[in-house]
file run.cif (mmCIF, N, CA and C atoms and all ligand atoms)
data_run
loop_
_atom_site.label_atom_id
_atom_site.label_comp_id
_atom_site.auth_asym_id
_atom_site.auth_seq_id
_atom_site.Cartn_x
_atom_site.Cartn_y
_atom_site.Cartn_z
N MET A 1 4.52 -12.73 11.97
CA MET A 1 3.45 -12.42 11.03
C MET A 1 3.96 -11.64 9.81
N SER A 2 5.22 -11.19 9.87
CA SER A 2 5.72 -10.31 8.81
C SER A 2 5.77 -10.96 7.43
N GLU A 3 5.95 -12.29 7.40
CA GLU A 3 6.11 -12.99 6.12
C GLU A 3 4.89 -12.84 5.22
N GLN A 4 3.71 -12.72 5.81
CA GLN A 4 2.51 -12.63 4.98
C GLN A 4 2.49 -11.35 4.15
N PHE A 5 3.36 -10.41 4.45
CA PHE A 5 3.36 -9.15 3.72
C PHE A 5 4.37 -9.12 2.57
N GLU A 6 5.00 -10.28 2.32
CA GLU A 6 5.92 -10.34 1.18
C GLU A 6 5.15 -10.10 -0.10
N GLY A 7 5.68 -9.27 -0.96
CA GLY A 7 5.00 -8.94 -2.21
C GLY A 7 4.00 -7.82 -2.06
N ILE A 8 3.74 -7.41 -0.82
CA ILE A 8 2.82 -6.30 -0.57
C ILE A 8 3.63 -5.08 -0.12
N PHE A 9 4.41 -5.29 0.94
CA PHE A 9 5.22 -4.18 1.45
C PHE A 9 6.69 -4.35 1.13
N TYR A 10 7.12 -5.56 0.85
CA TYR A 10 8.54 -5.77 0.56
C TYR A 10 8.73 -6.93 -0.41
N ARG A 11 9.91 -6.91 -1.04
CA ARG A 11 10.29 -8.01 -1.93
C ARG A 11 11.57 -8.61 -1.39
N VAL A 12 11.78 -9.88 -1.65
CA VAL A 12 13.02 -10.51 -1.22
C VAL A 12 13.89 -10.76 -2.44
N GLY A 13 15.08 -10.16 -2.43
CA GLY A 13 16.06 -10.40 -3.48
C GLY A 13 17.27 -11.10 -2.88
N MET A 14 18.35 -11.17 -3.64
CA MET A 14 19.56 -11.77 -3.10
C MET A 14 20.68 -10.75 -3.14
N TRP A 15 21.50 -10.76 -2.11
CA TRP A 15 22.66 -9.88 -2.08
C TRP A 15 23.82 -10.71 -1.54
N ARG A 16 24.82 -10.94 -2.40
CA ARG A 16 25.97 -11.78 -2.03
C ARG A 16 25.54 -13.11 -1.42
N GLY A 17 24.54 -13.71 -2.04
CA GLY A 17 24.09 -15.03 -1.58
C GLY A 17 23.18 -15.02 -0.37
N MET A 18 22.85 -13.80 0.12
CA MET A 18 21.97 -13.73 1.29
C MET A 18 20.63 -13.11 0.88
N PRO A 19 19.52 -13.54 1.50
CA PRO A 19 18.24 -12.90 1.18
C PRO A 19 18.25 -11.43 1.63
N ASN A 20 17.83 -10.57 0.72
CA ASN A 20 17.82 -9.13 0.96
C ASN A 20 16.38 -8.64 0.92
N TYR A 21 15.94 -8.04 2.00
CA TYR A 21 14.53 -7.63 2.13
C TYR A 21 14.41 -6.17 1.74
N LYS A 22 13.68 -5.93 0.63
CA LYS A 22 13.61 -4.58 0.08
C LYS A 22 12.22 -3.99 0.20
N CYS A 23 12.17 -2.79 0.76
CA CYS A 23 10.91 -2.04 0.87
C CYS A 23 10.39 -1.72 -0.53
N MET A 24 9.06 -1.85 -0.74
CA MET A 24 8.49 -1.56 -2.06
C MET A 24 8.13 -0.09 -2.21
N GLU A 25 8.24 0.66 -1.12
CA GLU A 25 7.87 2.08 -1.18
C GLU A 25 9.09 2.98 -1.37
N CYS A 26 10.26 2.51 -0.96
CA CYS A 26 11.44 3.35 -1.04
C CYS A 26 12.66 2.45 -1.23
N ASN A 27 13.85 3.03 -1.12
CA ASN A 27 15.07 2.27 -1.39
C ASN A 27 15.59 1.47 -0.20
N PHE A 28 14.87 1.49 0.90
CA PHE A 28 15.33 0.78 2.09
C PHE A 28 15.48 -0.72 1.81
N ALA A 29 16.59 -1.29 2.28
CA ALA A 29 16.80 -2.74 2.16
C ALA A 29 17.56 -3.21 3.39
N THR A 30 17.30 -4.44 3.81
CA THR A 30 17.99 -4.99 4.98
C THR A 30 18.23 -6.49 4.79
N LEU A 31 19.31 -6.95 5.37
CA LEU A 31 19.60 -8.39 5.37
C LEU A 31 19.08 -9.04 6.66
N ASP A 32 18.48 -8.22 7.54
CA ASP A 32 18.10 -8.70 8.87
C ASP A 32 16.71 -9.34 8.95
N GLY A 33 16.08 -9.55 7.81
CA GLY A 33 14.84 -10.32 7.85
C GLY A 33 13.57 -9.50 7.68
N ALA A 34 12.46 -10.26 7.56
CA ALA A 34 11.16 -9.68 7.28
C ALA A 34 10.71 -8.74 8.40
N ASP A 35 10.96 -9.12 9.65
CA ASP A 35 10.51 -8.28 10.76
C ASP A 35 11.14 -6.89 10.69
N LYS A 36 12.40 -6.87 10.27
CA LYS A 36 13.12 -5.60 10.20
C LYS A 36 12.51 -4.69 9.12
N VAL A 37 12.22 -5.25 7.97
CA VAL A 37 11.68 -4.41 6.90
C VAL A 37 10.25 -3.97 7.24
N ILE A 38 9.50 -4.84 7.91
CA ILE A 38 8.14 -4.46 8.32
C ILE A 38 8.20 -3.36 9.39
N ALA A 39 9.18 -3.44 10.30
CA ALA A 39 9.35 -2.38 11.30
C ALA A 39 9.62 -1.05 10.59
N HIS A 40 10.43 -1.11 9.54
CA HIS A 40 10.71 0.09 8.74
C HIS A 40 9.42 0.63 8.12
N VAL A 41 8.62 -0.27 7.52
CA VAL A 41 7.37 0.15 6.86
C VAL A 41 6.44 0.83 7.87
N ARG A 42 6.32 0.20 9.04
CA ARG A 42 5.47 0.78 10.09
C ARG A 42 5.94 2.18 10.45
N ARG A 43 7.26 2.33 10.58
CA ARG A 43 7.82 3.59 11.04
C ARG A 43 7.75 4.68 9.98
N ARG A 44 8.10 4.30 8.75
CA ARG A 44 8.27 5.32 7.71
C ARG A 44 7.05 5.54 6.82
N HIS A 45 6.24 4.53 6.60
CA HIS A 45 5.21 4.66 5.58
C HIS A 45 3.80 4.53 6.13
N PHE A 46 3.66 4.56 7.44
CA PHE A 46 2.33 4.37 7.99
C PHE A 46 2.12 5.36 9.12
N ASN A 47 1.13 6.23 8.94
CA ASN A 47 0.88 7.25 9.94
C ASN A 47 -0.06 6.70 11.02
N TRP A 48 0.54 6.20 12.09
CA TRP A 48 -0.27 5.56 13.13
C TRP A 48 -1.23 6.51 13.79
N ALA A 49 -0.80 7.75 13.99
CA ALA A 49 -1.66 8.73 14.67
C ALA A 49 -2.97 8.88 13.90
N GLU A 50 -2.86 8.86 12.56
CA GLU A 50 -4.04 9.04 11.71
C GLU A 50 -4.93 7.80 11.72
N LYS A 51 -4.31 6.62 11.73
CA LYS A 51 -5.08 5.39 11.58
C LYS A 51 -5.68 4.90 12.90
N ARG A 52 -5.11 5.33 14.00
CA ARG A 52 -5.57 4.82 15.29
C ARG A 52 -7.01 5.21 15.59
N GLN A 53 -7.76 4.25 16.00
CA GLN A 53 -9.13 4.52 16.39
C GLN A 53 -9.15 4.74 17.90
N PRO A 54 -10.01 5.66 18.35
CA PRO A 54 -10.12 5.82 19.80
C PRO A 54 -10.67 4.52 20.40
N MET A 55 -10.09 4.06 21.46
CA MET A 55 -10.57 2.82 22.06
C MET A 55 -10.16 2.76 23.53
N ILE A 56 -10.79 1.86 24.26
CA ILE A 56 -10.43 1.67 25.65
C ILE A 56 -9.14 0.87 25.69
N VAL A 57 -8.18 1.34 26.46
CA VAL A 57 -6.90 0.65 26.53
C VAL A 57 -6.96 -0.42 27.61
N VAL A 58 -6.65 -1.64 27.24
CA VAL A 58 -6.63 -2.74 28.19
C VAL A 58 -5.19 -2.96 28.64
N ALA A 59 -4.96 -2.95 29.95
CA ALA A 59 -3.59 -3.10 30.44
C ALA A 59 -3.49 -4.34 31.31
N ASN A 60 -2.30 -4.95 31.34
CA ASN A 60 -2.08 -6.10 32.23
C ASN A 60 -1.56 -5.62 33.59
N LYS A 61 -1.14 -6.54 34.46
CA LYS A 61 -0.72 -6.18 35.82
C LYS A 61 0.45 -5.21 35.84
N ARG A 62 1.31 -5.32 34.82
CA ARG A 62 2.46 -4.41 34.77
C ARG A 62 2.11 -3.05 34.16
N GLY A 63 0.84 -2.91 33.81
CA GLY A 63 0.44 -1.64 33.22
C GLY A 63 0.73 -1.54 31.74
N GLN A 64 1.08 -2.70 31.14
CA GLN A 64 1.35 -2.66 29.70
C GLN A 64 0.05 -2.81 28.93
N GLU A 65 -0.01 -2.10 27.87
CA GLU A 65 -1.19 -2.14 27.03
C GLU A 65 -1.20 -3.48 26.29
N VAL A 66 -2.22 -4.30 26.50
CA VAL A 66 -2.21 -5.61 25.84
C VAL A 66 -2.88 -5.60 24.48
N ALA A 67 -3.66 -4.56 24.23
CA ALA A 67 -4.41 -4.56 22.96
C ALA A 67 -3.60 -3.96 21.81
N SER A 68 -2.45 -3.42 22.11
CA SER A 68 -1.75 -2.66 21.07
C SER A 68 -1.33 -3.52 19.89
N GLN A 69 -0.91 -4.79 20.18
CA GLN A 69 -0.49 -5.65 19.08
C GLN A 69 -1.66 -5.95 18.14
N GLU A 70 -2.80 -6.26 18.73
CA GLU A 70 -3.98 -6.53 17.90
C GLU A 70 -4.35 -5.31 17.07
N ARG A 71 -4.23 -4.15 17.71
CA ARG A 71 -4.58 -2.93 17.01
C ARG A 71 -3.60 -2.68 15.86
N GLU A 72 -2.33 -2.94 16.13
CA GLU A 72 -1.33 -2.78 15.07
C GLU A 72 -1.58 -3.76 13.94
N ASP A 73 -1.93 -5.01 14.30
CA ASP A 73 -2.19 -6.02 13.27
C ASP A 73 -3.37 -5.59 12.40
N ALA A 74 -4.39 -5.04 13.04
CA ALA A 74 -5.57 -4.58 12.29
C ALA A 74 -5.17 -3.43 11.37
N GLY A 75 -4.34 -2.55 11.88
CA GLY A 75 -3.86 -1.42 11.07
C GLY A 75 -3.03 -1.89 9.90
N MET A 76 -2.18 -2.89 10.15
CA MET A 76 -1.34 -3.43 9.08
C MET A 76 -2.20 -4.11 8.03
N ALA A 77 -3.25 -4.81 8.49
CA ALA A 77 -4.14 -5.49 7.54
C ALA A 77 -4.85 -4.46 6.66
N ALA A 78 -5.27 -3.35 7.27
CA ALA A 78 -5.92 -2.28 6.51
C ALA A 78 -4.94 -1.69 5.50
N MET A 79 -3.70 -1.50 5.95
CA MET A 79 -2.69 -0.94 5.06
C MET A 79 -2.38 -1.92 3.93
N ALA A 80 -2.38 -3.21 4.25
CA ALA A 80 -2.13 -4.22 3.21
C ALA A 80 -3.24 -4.18 2.17
N GLY A 81 -4.48 -3.98 2.63
CA GLY A 81 -5.61 -3.87 1.71
C GLY A 81 -5.42 -2.70 0.75
N GLU A 82 -4.97 -1.57 1.29
CA GLU A 82 -4.73 -0.39 0.45
C GLU A 82 -3.61 -0.67 -0.54
N ALA A 83 -2.57 -1.33 -0.06
CA ALA A 83 -1.42 -1.62 -0.93
C ALA A 83 -1.82 -2.56 -2.07
N ILE A 84 -2.68 -3.54 -1.76
CA ILE A 84 -3.14 -4.47 -2.79
C ILE A 84 -3.98 -3.72 -3.83
N ALA A 85 -4.86 -2.82 -3.35
CA ALA A 85 -5.69 -2.04 -4.27
C ALA A 85 -4.80 -1.20 -5.19
N ARG A 86 -3.78 -0.56 -4.60
CA ARG A 86 -2.85 0.26 -5.39
C ARG A 86 -2.14 -0.58 -6.45
N SER A 87 -1.70 -1.78 -6.04
CA SER A 87 -0.96 -2.59 -7.00
C SER A 87 -1.87 -3.11 -8.12
N GLU A 88 -3.18 -3.23 -7.86
CA GLU A 88 -4.15 -3.57 -8.92
C GLU A 88 -4.16 -2.49 -9.99
N VAL A 89 -4.16 -1.23 -9.53
CA VAL A 89 -4.22 -0.10 -10.46
C VAL A 89 -2.93 -0.05 -11.29
N ILE A 90 -1.78 -0.23 -10.63
CA ILE A 90 -0.49 -0.25 -11.34
C ILE A 90 -0.45 -1.45 -12.29
N GLY A 91 -0.92 -2.59 -11.84
CA GLY A 91 -0.91 -3.80 -12.65
C GLY A 91 -1.76 -3.65 -13.92
N LYS A 92 -2.86 -2.94 -13.80
CA LYS A 92 -3.78 -2.81 -14.94
C LYS A 92 -3.31 -1.73 -15.92
N PHE A 93 -2.81 -0.62 -15.39
CA PHE A 93 -2.51 0.52 -16.26
C PHE A 93 -1.02 0.82 -16.41
N GLY A 94 -0.18 0.07 -15.71
CA GLY A 94 1.26 0.31 -15.80
C GLY A 94 1.69 1.38 -14.81
N GLU A 95 3.01 1.49 -14.63
CA GLU A 95 3.57 2.40 -13.62
C GLU A 95 3.15 3.86 -13.86
N ASP A 96 3.25 4.33 -15.11
CA ASP A 96 3.06 5.76 -15.38
C ASP A 96 1.61 6.21 -15.18
N VAL A 97 0.71 5.59 -15.94
CA VAL A 97 -0.70 5.96 -15.84
C VAL A 97 -1.24 5.58 -14.47
N GLY A 98 -0.83 4.41 -13.97
CA GLY A 98 -1.26 3.96 -12.65
C GLY A 98 -0.91 4.98 -11.57
N ALA A 99 0.31 5.50 -11.64
CA ALA A 99 0.75 6.50 -10.63
C ALA A 99 -0.07 7.77 -10.73
N MET A 100 -0.41 8.19 -11.96
CA MET A 100 -1.25 9.39 -12.14
C MET A 100 -2.62 9.20 -11.49
N LEU A 101 -3.19 8.02 -11.72
CA LEU A 101 -4.52 7.73 -11.16
C LEU A 101 -4.47 7.70 -9.64
N ILE A 102 -3.44 7.05 -9.10
CA ILE A 102 -3.31 6.93 -7.65
C ILE A 102 -3.09 8.31 -7.03
N ASP A 103 -2.24 9.13 -7.68
CA ASP A 103 -2.01 10.49 -7.18
C ASP A 103 -3.29 11.30 -7.16
N ALA A 104 -4.20 10.99 -8.08
CA ALA A 104 -5.47 11.70 -8.13
C ALA A 104 -6.49 11.13 -7.14
N GLY A 105 -6.04 10.17 -6.31
CA GLY A 105 -6.91 9.61 -5.28
C GLY A 105 -7.64 8.35 -5.73
N LEU A 106 -7.35 7.89 -6.95
CA LEU A 106 -8.02 6.68 -7.46
C LEU A 106 -7.11 5.48 -7.19
N SER A 107 -7.17 4.99 -5.95
CA SER A 107 -6.20 3.96 -5.57
C SER A 107 -6.75 2.55 -5.69
N SER A 108 -7.94 2.40 -6.26
CA SER A 108 -8.46 1.04 -6.49
C SER A 108 -9.24 1.02 -7.80
N LEU A 109 -9.37 -0.16 -8.38
CA LEU A 109 -10.12 -0.28 -9.64
C LEU A 109 -11.58 0.09 -9.44
N SER A 110 -12.12 -0.21 -8.25
CA SER A 110 -13.54 0.10 -8.03
C SER A 110 -13.78 1.61 -7.96
N SER A 111 -12.74 2.39 -7.61
CA SER A 111 -12.92 3.84 -7.58
C SER A 111 -12.86 4.44 -8.99
N ILE A 112 -12.28 3.70 -9.94
CA ILE A 112 -12.15 4.18 -11.33
C ILE A 112 -13.40 3.80 -12.13
N LYS A 113 -13.97 2.67 -11.77
CA LYS A 113 -15.10 2.10 -12.52
C LYS A 113 -16.23 3.09 -12.84
N PRO A 114 -16.72 3.87 -11.87
CA PRO A 114 -17.87 4.73 -12.19
C PRO A 114 -17.51 5.99 -13.00
N LEU A 115 -16.23 6.22 -13.29
CA LEU A 115 -15.83 7.47 -13.92
C LEU A 115 -16.10 7.49 -15.42
N THR A 116 -16.22 8.70 -15.95
CA THR A 116 -16.41 8.89 -17.39
C THR A 116 -15.16 9.58 -17.96
N THR A 117 -15.11 9.70 -19.29
CA THR A 117 -14.00 10.40 -19.95
C THR A 117 -13.86 11.81 -19.36
N ASP A 118 -14.98 12.51 -19.17
CA ASP A 118 -14.94 13.88 -18.64
C ASP A 118 -14.31 13.93 -17.24
N ASP A 119 -14.58 12.92 -16.43
CA ASP A 119 -13.95 12.87 -15.09
C ASP A 119 -12.45 12.68 -15.22
N LEU A 120 -12.07 11.75 -16.09
CA LEU A 120 -10.66 11.37 -16.18
C LEU A 120 -9.79 12.48 -16.76
N VAL A 121 -10.31 13.27 -17.71
CA VAL A 121 -9.48 14.34 -18.30
C VAL A 121 -9.17 15.45 -17.30
N LYS A 122 -9.88 15.48 -16.19
CA LYS A 122 -9.57 16.47 -15.14
C LYS A 122 -8.27 16.13 -14.42
N ILE A 123 -7.81 14.90 -14.57
CA ILE A 123 -6.57 14.48 -13.91
C ILE A 123 -5.38 14.96 -14.72
N GLU A 124 -4.46 15.58 -14.02
CA GLU A 124 -3.24 16.10 -14.65
C GLU A 124 -2.52 14.98 -15.42
N GLY A 125 -2.20 15.26 -16.70
CA GLY A 125 -1.44 14.30 -17.49
C GLY A 125 -2.32 13.33 -18.28
N ILE A 126 -3.64 13.38 -18.06
CA ILE A 126 -4.54 12.47 -18.78
C ILE A 126 -5.39 13.28 -19.76
N GLY A 127 -5.17 13.00 -21.05
CA GLY A 127 -5.95 13.65 -22.10
C GLY A 127 -7.11 12.76 -22.52
N LYS A 128 -7.83 13.23 -23.54
CA LYS A 128 -9.03 12.49 -23.99
C LYS A 128 -8.70 11.08 -24.46
N ALA A 129 -7.63 10.97 -25.30
CA ALA A 129 -7.29 9.66 -25.86
C ALA A 129 -6.93 8.68 -24.74
N ARG A 130 -6.15 9.16 -23.77
CA ARG A 130 -5.73 8.28 -22.67
C ARG A 130 -6.93 7.92 -21.79
N ALA A 131 -7.80 8.89 -21.57
CA ALA A 131 -9.00 8.63 -20.76
C ALA A 131 -9.84 7.53 -21.41
N ARG A 132 -10.00 7.62 -22.74
CA ARG A 132 -10.79 6.60 -23.45
C ARG A 132 -10.13 5.23 -23.34
N LYS A 133 -8.80 5.23 -23.45
CA LYS A 133 -8.04 3.98 -23.35
C LYS A 133 -8.23 3.36 -21.95
N ILE A 134 -8.19 4.21 -20.93
CA ILE A 134 -8.37 3.71 -19.55
C ILE A 134 -9.76 3.07 -19.41
N LEU A 135 -10.77 3.75 -19.92
CA LEU A 135 -12.14 3.22 -19.80
C LEU A 135 -12.31 1.93 -20.61
N ARG A 136 -11.63 1.88 -21.76
CA ARG A 136 -11.68 0.66 -22.57
C ARG A 136 -11.04 -0.51 -21.78
N GLU A 137 -9.89 -0.21 -21.19
CA GLU A 137 -9.20 -1.25 -20.41
C GLU A 137 -10.00 -1.67 -19.18
N MET A 138 -10.74 -0.73 -18.60
CA MET A 138 -11.59 -1.07 -17.45
C MET A 138 -12.69 -2.04 -17.86
N GLY A 139 -13.14 -1.91 -19.10
CA GLY A 139 -14.23 -2.76 -19.58
C GLY A 139 -13.78 -4.17 -19.96
N GLU A 140 -12.47 -4.34 -20.06
CA GLU A 140 -11.96 -5.64 -20.51
C GLU A 140 -11.91 -6.66 -19.38
ZN ZN B 201 10.49 2.17 2.75
#
call {"tool": "encode", "arguments": {"input": "run.cif", "output": "structure tokens", "more": "lines below"}}
Ligand SMILES: [Zn+2]
result
Amino acid sequence: MSEQFEGIFYRVGMWRGMPNYKCMECNFATLDGADKVIAHVRRRHFNWAEKRQPMIVVANKRGQEVASQEREDAGMAAMAGEAIARSEVIGKFGEDVGAMLIDAGLSSLSSIKPLTTDDLVKIEGIGKARARKILREMGE
């Protein structure tokens, strides 16, 4: 299932003629394939303890939890949704302004939509002119 996350959590480049799987959050890269980079993303960039919902654990005869994969997949899908929303903000406003907005908790375009100039100037690094530009771009 890891391939569906290409362009969301990792990019594939080439290194000495081999596909190189690069994490989009940090400098991690591997030649060992999509599963390896996704394992890295799960380990390093996703707080499972926080995302886990309390639930009844279903176990098989060996006592192994059978629901964990489904739960992980659901968690990954949620994380992919967040990553897509973040990349929308970066795509619309560029790396610099996009990062400021995301750092301020505005990780999706729909969270920026209801804001006014007065709201935006409260964000560190965003002045009146930039706030107006952001709102103008939101309207386009
Ligand atoms: Zn990483």
call {"tool": "residues_near_ligand", "arguments": {"input": "run.cif", "ligand": "ligand ZN 201 (chain B)", "cutoff": "5 Å", "atoms": "all atoms listed in the file", "output": "PyMOL selection string"}}
result
chain A and resi 23+25-26+28
call {"tool": "select_by_dssp", "arguments": {"input": "run.cif", "residues": "range 6-41 of chain A", "states": "helix (DSSP H, G or I)", "output": "PDB file with N, CA and C atoms, keeping the file's coordinate frame"}}
result
ATOM      1  N   ALA A  34      12.460 -10.260   7.560  1.00  0.00           N
ATOM      2  CA  ALA A  34      11.160  -9.680   7.280  1.00  0.00           C
ATOM      3  C   ALA A  34      10.710  -8.740   8.400  1.00  0.00           C
ATOM      4  N   ASP A  35      10.960  -9.120   9.650  1.00  0.00           N
ATOM      5  CA  ASP A  35      10.510  -8.280  10.760  1.00  0.00           C
ATOM      6  C   ASP A  35      11.140  -6.890  10.690  1.00  0.00           C
ATOM      7  N   LYS A  36      12.400  -6.870  10.270  1.00  0.00           N
ATOM      8  CA  LYS A  36      13.120  -5.600  10.200  1.00  0.00           C
ATOM      9  C   LYS A  36      12.510  -4.690   9.120  1.00  0.00           C
ATOM     10  N   VAL A  37      12.220  -5.250   7.970  1.00  0.00           N
ATOM     11  CA  VAL A  37      11.680  -4.410   6.900  1.00  0.00           C
ATOM     12  C   VAL A  37      10.250  -3.970   7.240  1.00  0.00           C
ATOM     13  N   ILE A  38       9.500  -4.840   7.910  1.00  0.00           N
ATOM     14  CA  ILE A  38       8.140  -4.460   8.320  1.00  0.00           C
ATOM     15  C   ILE A  38       8.200  -3.360   9.390  1.00  0.00           C
ATOM     16  N   ALA A  39       9.180  -3.440  10.300  1.00  0.00           N
ATOM     17  CA  ALA A  39       9.350  -2.380  11.300  1.00  0.00           C
ATOM     18  C   ALA A  39       9.620  -1.050  10.590  1.00  0.00           C
ATOM     19  N   HIS A  40      10.430  -1.110   9.540  1.00  0.00           N
ATOM     20  CA  HIS A  40      10.710   0.090   8.740  1.00  0.00           C
ATOM     21  C   HIS A  40       9.420   0.630   8.120  1.00  0.00           C
ATOM     22  N   VAL A  41       8.620  -0.270   7.520  1.00  0.00           N
ATOM     23  CA  VAL A  41       7.370   0.150   6.860  1.00  0.00           C
ATOM     24  C   VAL A  41       6.440   0.830   7.870  1.00  0.00           C
TER      25      VAL A  41
END
call {"tool": "closest_atom_pairs", "arguments": {"input": "run.cif", "of": "range 104-138 of chain A", "to": "range 80-97 of chain A", "cutoff": "6.5 Å", "atoms": "all atoms listed in the file", "output": "tab-separated table"}}
result
residue	atom	partner	partner_atom	distance
A:Ser107	C	A:Ala85	C	4.3
A:Ser108	CA	A:Ala85	C	4.5
A:Leu109	N	A:Val89	N	5.4
call {"tool": "residues_around", "arguments": {"input": "run.cif", "residues": "Arg42 in chain A", "least_positions_apart": "4", "cutoff": "10 Å", "atoms": "only C-alpha atoms", "output": "JSON, numbers by chain"}}
result
{"A": [9, 36, 37, 38, 46, 47, 48, 72, 75, 76, 79]}
call {"tool": "atom_distance", "arguments": {"input": "run.cif", "atom1": "atom N of Asp35 in chain A", "atom2": "atom C of Glu3 in chain A"}}
result
8.4 Å
call {"tool": "residues_around", "arguments": {"input": "run.cif", "residues": "Lys22 in chain A", "least_positions_apart": "2", "cutoff": "6 Å", "atoms": "all atoms listed in the file", "output": "number ranges by chain"}}
result
A: 9-13, 20, 24, 28-30
call {"tool": "atom_distance", "arguments": {"input": "run.cif", "atom1": "CA of Ile123 in chain A", "atom2": "atom C of Met100 in chain A"}}
result
7.0 Å
call {"tool": "closest_residue", "arguments": {"input": "run.cif", "among": "A:Ala131, A:Val41, A:Ala99, A:Met138", "to": "Ile112 in chain A", "atoms": "all atoms listed in the file"}}
result
A:Met138
call {"tool": "atom_distance", "arguments": {"input": "run.cif", "atom1": "atom C of Gln4 in chain A", "atom2": "CA of Met18 in chain A"}}
result
19.8 Å
call {"tool": "closest_residue", "arguments": {"input": "run.cif", "among": "A:Ala39, A:Leu120, A:Leu135, A:Ala77", "to": "Ile8 in chain A", "atoms": "only C-alpha atoms"}}
result
A:Ala77
call {"tool": "decode", "arguments": {"input": "run.cif", "residues": "range 91-105 of chain A", "atoms": "N, CA and C atoms", "output": "PDB file, in the first residue's frame"}}
result
ATOM      1  N   GLY A  91       1.464  25.167  -1.782  1.00  0.00           N
ATOM      2  CA  GLY A  91       1.261  25.338  -3.217  1.00  0.00           C
ATOM      3  C   GLY A  91       0.662  26.702  -3.554  1.00  0.00           C
ATOM      4  N   LYS A  92      -0.220  27.178  -2.697  1.00  0.00           N
ATOM      5  CA  LYS A  92      -0.909  28.448  -2.968  1.00  0.00           C
ATOM      6  C   LYS A  92      -0.042  29.651  -2.599  1.00  0.00           C
ATOM      7  N   PHE A  93       0.658  29.560  -1.473  1.00  0.00           N
ATOM      8  CA  PHE A  93       1.361  30.742  -0.963  1.00  0.00           C
ATOM      9  C   PHE A  93       2.883  30.638  -1.030  1.00  0.00           C
ATOM     10  N   GLY A  94       3.389  29.502  -1.488  1.00  0.00           N
ATOM     11  CA  GLY A  94       4.847  29.336  -1.574  1.00  0.00           C
ATOM     12  C   GLY A  94       5.411  28.839  -0.252  1.00  0.00           C
ATOM     13  N   GLU A  95       6.671  28.418  -0.295  1.00  0.00           N
ATOM     14  CA  GLU A  95       7.313  27.801   0.872  1.00  0.00           C
ATOM     15  C   GLU A  95       7.339  28.746   2.083  1.00  0.00           C
ATOM     16  N   ASP A  96       7.718  30.007   1.870  1.00  0.00           N
ATOM     17  CA  ASP A  96       7.955  30.912   3.008  1.00  0.00           C
ATOM     18  C   ASP A  96       6.668  31.285   3.733  1.00  0.00           C
ATOM     19  N   VAL A  97       5.742  31.887   2.994  1.00  0.00           N
ATOM     20  CA  VAL A  97       4.481  32.312   3.605  1.00  0.00           C
ATOM     21  C   VAL A  97       3.677  31.084   4.029  1.00  0.00           C
ATOM     22  N   GLY A  98       3.701  30.044   3.195  1.00  0.00           N
ATOM     23  CA  GLY A  98       2.992  28.806   3.515  1.00  0.00           C
ATOM     24  C   GLY A  98       3.449  28.231   4.852  1.00  0.00           C
ATOM     25  N   ALA A  99       4.768  28.222   5.058  1.00  0.00           N
ATOM     26  CA  ALA A  99       5.318  27.678   6.318  1.00  0.00           C
ATOM     27  C   ALA A  99       4.883  28.519   7.510  1.00  0.00           C
ATOM     28  N   MET A 100       4.831  29.846   7.342  1.00  0.00           N
ATOM     29  CA  MET A 100       4.379  30.728   8.432  1.00  0.00           C
ATOM     30  C   MET A 100       2.937  30.417   8.814  1.00  0.00           C
ATOM     31  N   LEU A 101       2.102  30.238   7.790  1.00  0.00           N
ATOM     32  CA  LEU A 101       0.683  29.949   8.035  1.00  0.00           C
ATOM     33  C   LEU A 101       0.522  28.597   8.730  1.00  0.00           C
ATOM     34  N   ILE A 102       1.261  27.604   8.248  1.00  0.00           N
ATOM     35  CA  ILE A 102       1.156  26.259   8.824  1.00  0.00           C
ATOM     36  C   ILE A 102       1.656  26.272  10.274  1.00  0.00           C
ATOM     37  N   ASP A 103       2.770  26.987  10.515  1.00  0.00           N
ATOM     38  CA  ASP A 103       3.289  27.095  11.886  1.00  0.00           C
ATOM     39  C   ASP A 103       2.277  27.742  12.815  1.00  0.00           C
ATOM     40  N   ALA A 104       1.448  28.621  12.262  1.00  0.00           N
ATOM     41  CA  ALA A 104       0.426  29.287  13.069  1.00  0.00           C
ATOM     42  C   ALA A 104      -0.826  28.419  13.225  1.00  0.00           C
ATOM     43  N   GLY A 105      -0.760  27.174  12.722  1.00  0.00           N
ATOM     44  CA  GLY A 105      -1.878  26.246  12.887  1.00  0.00           C
ATOM     45  C   GLY A 105      -2.851  26.266  11.720  1.00  0.00           C
TER      46      GLY A 105
END
